[in-house]
file upload02.pdb (PDB, C-alpha atoms, pLDDT in the B column)
ATOM      1  CA  MET A   4      78.367  60.214  98.658  1.00 50.00           C
ATOM      2  CA  THR A   5      75.992  61.601  96.049  1.00 55.00           C
ATOM      3  CA  PHE A   6      73.222  64.138  96.415  1.00 52.00           C
ATOM      4  CA  SER A   7      69.858  63.978  94.769  1.00 58.00           C
ATOM      5  CA  PRO A   8      68.962  66.872  92.403  1.00 60.00           C
ATOM      6  CA  ASN A   9      66.598  68.367  95.043  1.00 66.00           C
ATOM      7  CA  LYS A  10      69.291  68.355  97.714  1.00 67.00           C
ATOM      8  CA  LYS A  11      71.714  70.039  95.289  1.00 68.00           C
ATOM      9  CA  LYS A  12      69.139  72.764  94.581  1.00 69.00           C
ATOM     10  CA  HIS A  13      68.602  73.319  98.323  1.00 67.00           C
ATOM     11  CA  ALA A  14      72.341  73.402  98.949  1.00 69.00           C
ATOM     12  CA  ASN A  15      72.843  75.939  96.120  1.00 71.00           C
ATOM     13  CA  ARG A  16      69.972  78.096  97.402  1.00 74.00           C
ATOM     14  CA  LEU A  17      71.375  77.964 100.926  1.00 73.00           C
ATOM     15  CA  LEU A  18      74.814  78.935  99.612  1.00 74.00           C
ATOM     16  CA  ILE A  19      73.392  81.862  97.606  1.00 76.00           C
ATOM     17  CA  LEU A  20      71.272  83.014 100.562  1.00 71.00           C
ATOM     18  CA  SER A  21      74.284  82.819 102.886  1.00 70.00           C
ATOM     19  CA  ALA A  22      76.446  84.815 100.476  1.00 71.00           C
ATOM     20  CA  PHE A  23      73.697  87.426 100.111  1.00 68.00           C
ATOM     21  CA  CYS A  24      73.269  87.765 103.909  1.00 62.00           C
ATOM     22  CA  LEU A  25      77.023  88.039 104.400  1.00 62.00           C
ATOM     23  CA  SER A  26      77.205  90.737 101.707  1.00 64.00           C
ATOM     24  CA  LEU A  27      74.412  92.728 103.387  1.00 59.00           C
ATOM     25  CA  PHE A  28      76.113  92.410 106.761  1.00 59.00           C
ATOM     26  CA  PHE A  29      79.470  93.566 105.369  1.00 57.00           C
ATOM     27  CA  TYR A  30      77.833  96.482 103.507  1.00 60.00           C
ATOM     28  CA  SER A  31      76.009  97.511 106.693  1.00 58.00           C
ATOM     29  CA  CYS A  32      79.270  97.558 108.668  1.00 58.00           C
ATOM     30  CA  ILE A  33      81.093  99.594 106.019  1.00 63.00           C
ATOM     31  CA  SER A  34      78.122 101.930 105.554  1.00 70.00           C
ATOM     32  CA  GLN A  35      77.938 102.672 109.291  1.00 73.00           C
ATOM     33  CA  ALA A  36      81.670 103.419 109.389  1.00 72.00           C
ATOM     34  CA  LYS A  37      81.367 105.726 106.355  1.00 75.00           C
ATOM     35  CA  GLN A  38      78.449 107.610 107.956  1.00 80.00           C
ATOM     36  CA  ASN A  39      80.437 107.983 111.171  1.00 79.00           C
ATOM     37  CA  LEU A  40      83.456 109.322 109.252  1.00 78.00           C
ATOM     38  CA  ASP A  41      81.210 111.834 107.451  1.00 82.00           C
ATOM     39  CA  ARG A  42      79.841 113.031 110.826  1.00 85.00           C
ATOM     40  CA  LEU A  43      83.384 113.121 112.231  1.00 81.00           C
ATOM     41  CA  LYS A  44      84.451 115.519 109.461  1.00 80.00           C
ATOM     42  CA  LYS A  45      81.791 117.979 110.683  1.00 86.00           C
ATOM     43  CA  CYS A  46      83.192 117.933 114.231  1.00 86.00           C
ATOM     44  CA  GLU A  47      85.215 120.882 115.535  1.00 85.00           C
ATOM     45  CA  PHE A  48      88.712 120.217 116.850  1.00 82.00           C
ATOM     46  CA  GLN A  49      90.557 122.588 119.155  1.00 80.00           C
ATOM     47  CA  LEU A  50      94.008 122.156 120.682  1.00 77.00           C
ATOM     48  CA  VAL A  51      93.469 123.263 124.292  1.00 81.00           C
ATOM     49  CA  ASN A  52      96.693 122.174 125.973  1.00 80.00           C
ATOM     50  CA  VAL A  53      99.973 120.387 125.425  1.00 77.00           C
ATOM     51  CA  LEU A  54     101.603 118.448 128.247  1.00 78.00           C
ATOM     52  CA  VAL A  55     105.341 117.793 128.022  1.00 74.00           C
ATOM     53  CA  SER A  56     107.227 115.340 130.194  1.00 75.00           C
ATOM     54  CA  LEU A  57     110.709 113.863 130.232  1.00 71.00           C
ATOM     55  CA  THR A  58     111.477 110.232 130.930  1.00 71.00           C
ATOM     56  CA  PRO A  59     114.928 108.703 131.227  1.00 71.00           C
ATOM     57  CA  GLY A  60     116.455 107.517 127.966  1.00 65.00           C
ATOM     58  CA  GLN A  61     116.060 103.885 127.056  1.00 64.00           C
ATOM     59  CA  ARG A  62     118.906 101.443 127.504  1.00 65.00           C
ATOM     60  CA  PHE A  63     122.107 103.364 128.131  1.00 63.00           C
ATOM     61  CA  SER A  64     121.141 106.638 126.464  1.00 62.00           C
ATOM     62  CA  LEU A  65     121.883 109.834 128.385  1.00 64.00           C
ATOM     63  CA  ILE A  66     119.347 111.797 126.339  1.00 63.00           C
ATOM     64  CA  PRO A  67     115.889 111.797 127.958  1.00 66.00           C
ATOM     65  CA  LYS A  68     112.828 110.895 125.938  1.00 68.00           C
ATOM     66  CA  PHE A  69     110.261 113.644 125.390  1.00 67.00           C
ATOM     67  CA  THR A  70     106.657 112.647 125.792  1.00 71.00           C
ATOM     68  CA  ILE A  71     104.150 115.113 124.434  1.00 75.00           C
ATOM     69  CA  THR A  72     100.446 114.756 125.111  1.00 81.00           C
ATOM     70  CA  PRO A  73      98.286 117.082 123.026  1.00 81.00           C
ATOM     71  CA  ILE A  74      94.890 117.674 124.637  1.00 84.00           C
ATOM     72  CA  ILE A  75      92.237 118.072 121.951  1.00 84.00           C
ATOM     73  CA  GLU A  76      88.680 119.239 122.550  1.00 87.00           C
ATOM     74  CA  ILE A  77      86.288 117.719 120.028  1.00 88.00           C
ATOM     75  CA  GLY A  78      82.818 119.187 119.586  1.00 91.00           C
ATOM     76  CA  ASN A  79      80.061 117.161 117.917  1.00 91.00           C
ATOM     77  CA  PRO A  80      77.468 119.410 116.208  1.00 94.00           C
ATOM     78  CA  ASN A  81      75.733 116.414 114.590  1.00 92.00           C
ATOM     79  CA  GLU A  82      72.281 115.004 115.344  1.00 93.00           C
ATOM     80  CA  GLU A  83      73.866 111.613 116.080  1.00 92.00           C
ATOM     81  CA  ASP A  84      76.711 110.319 118.233  1.00 92.00           C
ATOM     82  CA  VAL A  85      80.183 110.129 116.693  1.00 89.00           C
ATOM     83  CA  THR A  86      82.871 107.573 117.450  1.00 86.00           C
ATOM     84  CA  ILE A  87      86.553 108.517 117.532  1.00 84.00           C
ATOM     85  CA  TYR A  88      88.215 105.322 116.396  1.00 83.00           C
ATOM     86  CA  GLN A  89      91.490 103.787 117.456  1.00 85.00           C
ATOM     87  CA  PHE A  90      94.235 105.215 115.240  1.00 84.00           C
ATOM     88  CA  ASP A  91      97.960 105.400 114.585  1.00 85.00           C
ATOM     89  CA  LEU A  92      98.785 108.359 112.343  1.00 85.00           C
ATOM     90  CA  ASN A  93     101.800 110.307 111.094  1.00 87.00           C
ATOM     91  CA  LEU A  94     101.414 113.983 111.959  1.00 83.00           C
ATOM     92  CA  SER A  95     103.052 116.875 110.118  1.00 83.00           C
ATOM     93  CA  LEU A  96     102.637 120.608 110.664  1.00 80.00           C
ATOM     94  CA  LEU A  97     102.017 122.510 107.433  1.00 82.00           C
ATOM     95  CA  GLY A  98     102.751 126.160 106.862  1.00 76.00           C
ATOM     96  CA  GLU A  99     104.617 128.756 104.859  1.00 74.00           C
ATOM     97  CA  GLY A 100     107.914 127.151 105.817  1.00 71.00           C
ATOM     98  CA  GLY A 101     106.794 123.822 104.354  1.00 77.00           C
ATOM     99  CA  GLU A 102     105.955 120.533 106.005  1.00 81.00           C
ATOM    100  CA  GLU A 103     107.531 119.612 109.348  1.00 79.00           C
ATOM    101  CA  LYS A 104     107.051 115.992 110.367  1.00 82.00           C
ATOM    102  CA  LEU A 105     106.281 115.903 114.075  1.00 79.00           C
ATOM    103  CA  GLY A 106     105.898 112.200 114.742  1.00 80.00           C
ATOM    104  CA  ARG A 107     103.142 109.665 115.297  1.00 85.00           C
ATOM    105  CA  VAL A 108      99.916 110.443 117.114  1.00 84.00           C
ATOM    106  CA  LYS A 109      97.938 107.569 118.621  1.00 85.00           C
ATOM    107  CA  ASN A 110      94.571 106.974 120.199  1.00 84.00           C
ATOM    108  CA  LEU A 111      94.524 103.540 121.772  1.00 83.00           C
ATOM    109  CA  GLU A 112      90.848 103.425 122.800  1.00 85.00           C
ATOM    110  CA  PRO A 113      87.757 104.343 120.785  1.00 85.00           C
ATOM    111  CA  LYS A 114      85.664 107.148 122.323  1.00 88.00           C
ATOM    112  CA  THR A 115      82.076 108.161 121.634  1.00 90.00           C
ATOM    113  CA  ILE A 116      80.960 111.795 121.580  1.00 91.00           C
ATOM    114  CA  ALA A 117      77.253 112.265 122.232  1.00 94.00           C
ATOM    115  CA  LYS A 118      75.298 114.476 119.837  1.00 93.00           C
ATOM    116  CA  HIS A 119      75.612 118.224 120.511  1.00 94.00           C
ATOM    117  CA  SER A 120      78.341 117.745 123.112  1.00 94.00           C
ATOM    118  CA  SER A 121      82.114 117.757 123.349  1.00 93.00           C
ATOM    119  CA  ILE A 122      84.870 115.776 125.014  1.00 92.00           C
ATOM    120  CA  THR A 123      88.476 116.431 125.873  1.00 91.00           C
ATOM    121  CA  LEU A 124      90.762 113.764 124.488  1.00 87.00           C
ATOM    122  CA  PRO A 125      94.424 113.314 125.455  1.00 87.00           C
ATOM    123  CA  LEU A 126      96.457 111.804 122.635  1.00 83.00           C
ATOM    124  CA  THR A 127      99.879 110.199 122.588  1.00 80.00           C
ATOM    125  CA  LEU A 128     102.453 111.901 120.356  1.00 79.00           C
ATOM    126  CA  GLU A 129     105.667 109.990 119.728  1.00 77.00           C
ATOM    127  CA  LEU A 130     108.234 112.431 118.398  1.00 73.00           C
ATOM    128  CA  GLU A 131     111.003 111.636 115.982  1.00 66.00           C
ATOM    129  CA  GLN A 132     114.097 112.281 118.062  1.00 63.00           C
ATOM    130  CA  LYS A 133     116.840 112.693 115.487  1.00 64.00           C
ATOM    131  CA  ASP A 134     119.733 115.134 115.159  1.00 61.00           C
ATOM    132  CA  GLY A 135     118.582 118.696 115.710  1.00 60.00           C
ATOM    133  CA  PHE A 136     115.504 117.477 117.586  1.00 61.00           C
ATOM    134  CA  GLU A 137     115.656 120.202 120.248  1.00 61.00           C
ATOM    135  CA  ASN A 138     115.770 122.976 117.629  1.00 65.00           C
ATOM    136  CA  LYS A 139     112.883 121.391 115.745  1.00 68.00           C
ATOM    137  CA  ILE A 140     110.702 121.235 118.876  1.00 68.00           C
ATOM    138  CA  LEU A 141     111.466 124.860 119.731  1.00 70.00           C
ATOM    139  CA  SER A 142     110.727 125.897 116.151  1.00 71.00           C
ATOM    140  CA  VAL A 143     107.373 124.086 116.118  1.00 72.00           C
ATOM    141  CA  ALA A 144     106.427 125.432 119.548  1.00 72.00           C
ATOM    142  CA  MET A 145     107.245 129.011 118.485  1.00 75.00           C
ATOM    143  CA  ARG A 146     105.233 128.604 115.267  1.00 76.00           C
ATOM    144  CA  LEU A 147     102.216 127.347 117.198  1.00 75.00           C
ATOM    145  CA  LEU A 148     102.493 130.145 119.791  1.00 76.00           C
ATOM    146  CA  ASN A 149     102.781 132.794 117.066  1.00 76.00           C
ATOM    147  CA  GLU A 150      99.806 131.388 115.153  1.00 74.00           C
ATOM    148  CA  ALA A 151      97.729 131.157 118.345  1.00 75.00           C
ATOM    149  CA  GLY A 152      98.624 134.767 119.229  1.00 77.00           C
ATOM    150  CA  ALA A 153      97.603 135.893 115.746  1.00 78.00           C
ATOM    151  CA  GLY A 154      94.293 134.024 116.006  1.00 77.00           C
ATOM    152  CA  LYS A 155      95.228 131.622 113.212  1.00 79.00           C
ATOM    153  CA  ASP A 156      94.506 127.932 112.948  1.00 79.00           C
ATOM    154  CA  ALA A 157      97.248 125.335 112.661  1.00 79.00           C
ATOM    155  CA  GLU A 158      97.105 123.116 109.583  1.00 80.00           C
ATOM    156  CA  PHE A 159      98.216 119.513 109.963  1.00 80.00           C
ATOM    157  CA  LEU A 160      98.723 116.695 107.492  1.00 83.00           C
ATOM    158  CA  ILE A 161      97.426 113.440 108.942  1.00 83.00           C
ATOM    159  CA  GLU A 162      98.351 110.118 107.317  1.00 87.00           C
ATOM    160  CA  GLY A 163      98.084 106.556 108.536  1.00 85.00           C
ATOM    161  CA  ASN A 164      95.437 104.044 109.569  1.00 83.00           C
ATOM    162  CA  VAL A 165      92.198 104.376 111.477  1.00 80.00           C
ATOM    163  CA  ILE A 166      90.995 101.075 112.877  1.00 81.00           C
ATOM    164  CA  PHE A 167      87.287 100.474 113.287  1.00 73.00           C
ATOM    165  CA  ASP A 168      85.437  97.518 114.750  1.00 71.00           C
ATOM    166  CA  THR A 169      82.919  95.600 112.700  1.00 66.00           C
ATOM    167  CA  GLY A 170      81.157  92.312 113.173  1.00 63.00           C
ATOM    168  CA  LEU A 171      83.955  90.868 111.036  1.00 65.00           C
ATOM    169  CA  GLY A 172      86.704  92.155 113.343  1.00 72.00           C
ATOM    170  CA  LYS A 173      88.975  95.198 113.257  1.00 77.00           C
ATOM    171  CA  ILE A 174      89.485  96.720 109.820  1.00 75.00           C
ATOM    172  CA  PRO A 175      92.209  99.329 109.081  1.00 79.00           C
ATOM    173  CA  LEU A 176      91.104 102.243 106.942  1.00 78.00           C
ATOM    174  CA  PRO A 177      93.894 104.321 105.340  1.00 81.00           C
ATOM    175  CA  VAL A 178      93.635 108.074 105.958  1.00 79.00           C
ATOM    176  CA  SER A 179      95.400 110.988 104.307  1.00 83.00           C
ATOM    177  CA  GLU A 180      93.975 114.451 104.820  1.00 79.00           C
ATOM    178  CA  ARG A 181      94.638 117.978 105.935  1.00 83.00           C
ATOM    179  CA  GLN A 182      93.009 119.190 109.144  1.00 78.00           C
ATOM    180  CA  ASN A 183      92.799 122.684 110.562  1.00 78.00           C
ATOM    181  CA  ILE A 184      92.910 122.800 114.341  1.00 75.00           C
ATOM    182  CA  LYS A 185      91.990 125.932 116.244  1.00 72.00           C
ATOM    183  CA  LEU A 186      94.622 127.077 118.681  1.00 70.00           C
ATOM    184  CA  LYS A 187      93.538 128.446 122.026  1.00 67.00           C
ATOM    185  CA  LYS A 188      95.005 131.857 122.856  1.00 62.00           C
TER     186      LYS A 188
END

call {"tool": "encode", "arguments": {"input": "upload02.pdb", "output": "structure tokens"}}
result
Amino acid sequence: MTFSPNKKKHANRLLILSAFCLSLFFYSCISQAKQNLDRLKKCEFQLVNVLVSLTPGQRFSLIPKFTITPIIEIGNPNEEDVTIYQFDLNLSLLGEGGEEKLGRVKNLEPKTIAKHSSITLPLTLELEQKDGFENKILSVAMRLLNEAGAGKDAEFLIEGNVIFDTGLGKIPLPVSERQNIKLKK
């Protein structure tokens, strides 16, 4: 099948117009996500509680599994709403004693914080349960209690992927940054 020169011109124009529209759409999605991340950086994070529970060990293990749920209060001082995306991040506590890897922190559902408001968000923290795990947990807990008593902030290293929804589907965005979190006395 052959096309006439006019049909080829129309097909080329349609192809160029489609590519241009798709580029604008993709740029719009990325731009909105970037603006949201910029607003998210202005938000205030405060660790208000930590829930600890024990569940029986998996398979035939006699050692119970620790489940820690940090409760974070997030305040949005921005003039626009902010979305907390779905994420799966490695979390390490930083300090004078160096970096202590705590585990993986997850948020399975995106949440929106209205402008000039705050929400309380429970997160899932999966701890690395290796040799010396009990001592590590006690050490981290004592560090956090001491820093909270002294009115200091805790500094965390956060690395992993934040997943945001676009019209093109879910896109992972790699994250690596340090975050200070206020500790409640």

call {"tool": "closest_residue", "arguments": {"input": "upload02.pdb", "among": "A:Ala117, A:Ile166, A:Leu17, A:Ile122", "to": "Glu76 (chain A)", "atoms": "all atoms listed in the file"}}
result
A:Ile122

call {"tool": "atom_distance", "arguments": {"input": "upload02.pdb", "atom1": "CA of Glu158 (chain A)", "atom2": "CA of Leu97 (chain A)"}}
result
5.4 Å

call {"tool": "closest_residue", "arguments": {"input": "upload02.pdb", "among": "A:Leu50, A:Leu126, A:Leu148, A:Ala157", "to": "Val108 (chain A)", "atoms": "only C-alpha atoms"}}
result
A:Leu126

call {"tool": "closest_residue", "arguments": {"input": "upload02.pdb", "among": "A:Leu94, A:Ile19, A:Ala153, A:Val53", "to": "Leu130 (chain A)", "atoms": "only C-alpha atoms"}}
result
A:Leu94

call {"tool": "residues_around", "arguments": {"input": "upload02.pdb", "residues": "Arg181 (chain A)", "least_positions_apart": "2", "cutoff": "7 Å", "atoms": "all atoms listed in the file", "output": "mmCIF file with C-alpha atoms, keeping the file's coordinate frame"}}
result
data_model
loop_
_atom_site.group_PDB
_atom_site.id
_atom_site.type_symbol
_atom_site.label_atom_id
_atom_site.label_comp_id
_atom_site.auth_asym_id
_atom_site.auth_seq_id
_atom_site.Cartn_x
_atom_site.Cartn_y
_atom_site.Cartn_z
ATOM 1 C CA GLU A 158 97.105 123.116 109.583
ATOM 2 C CA PHE A 159 98.216 119.513 109.963
ATOM 3 C CA LEU A 160 98.723 116.695 107.492
ATOM 4 C CA ILE A 161 97.426 113.440 108.942
ATOM 5 C CA ASN A 183 92.799 122.684 110.562
#

call {"tool": "atom_distance", "arguments": {"input": "upload02.pdb", "atom1": "CA of Ile75 (chain A)", "atom2": "CA of Leu54 (chain A)"}}
result
11.3 Å

call {"tool": "resolve_selection", "arguments": {"input": "upload02.pdb", "expression": "the PyMOL selection byres ((chain A and resi 118) around 7)", "output": "PyMOL selection string"}}
result
chain A and resi 79-84+116-117+119-120

call {"tool": "axis_aligned_box", "arguments": {"input": "upload02.pdb", "around": "region 69-81 of chain A", "padding_each_side": "6 Å", "output": "JSON"}}
result
{"center_x": 93.0, "center_y": 116.0, "center_z": 120.2, "size_x": 46.5, "size_y": 18.8, "size_z": 23.2}

call {"tool": "atom_distance", "arguments": {"input": "upload02.pdb", "atom1": "CA of Pro177 (chain A)", "atom2": "CA of Asn110 (chain A)"}}
result
15.1 Å

call {"tool": "resolve_selection", "arguments": {"input": "upload02.pdb", "expression": "the PyMOL selection byres ((chain A and resi 178) around 8)", "output": "PDB file with C-alpha atoms, keeping the file's coordinate frame"}}
result
ATOM      1  CA  ILE A 161      97.426 113.440 108.942  1.00 83.00           C
ATOM      2  CA  GLU A 162      98.351 110.118 107.317  1.00 87.00           C
ATOM      3  CA  GLY A 163      98.084 106.556 108.536  1.00 85.00           C
ATOM      4  CA  ASN A 164      95.437 104.044 109.569  1.00 83.00           C
ATOM      5  CA  VAL A 165      92.198 104.376 111.477  1.00 80.00           C
ATOM      6  CA  LEU A 176      91.104 102.243 106.942  1.00 78.00           C
ATOM      7  CA  PRO A 177      93.894 104.321 105.340  1.00 81.00           C
ATOM      8  CA  SER A 179      95.400 110.988 104.307  1.00 83.00           C
ATOM      9  CA  GLU A 180      93.975 114.451 104.820  1.00 79.00           C
TER      10      GLU A 180
END

call {"tool": "resolve_selection", "arguments": {"input": "upload02.pdb", "expression": "the PyMOL selection byres ((chain A and resi 113) around 7)", "output": "list in words"}}
result
Thr86, Ile87, Tyr88, Gln89, Leu111, Glu112, Lys114 and Thr115 of chain A

call {"tool": "closest_residue", "arguments": {"input": "upload02.pdb", "among": "A:Asp156, A:Thr70, A:Gly98, A:Gly172", "to": "Glu129 (chain A)", "atoms": "all atoms listed in the file"}}
result
A:Thr70
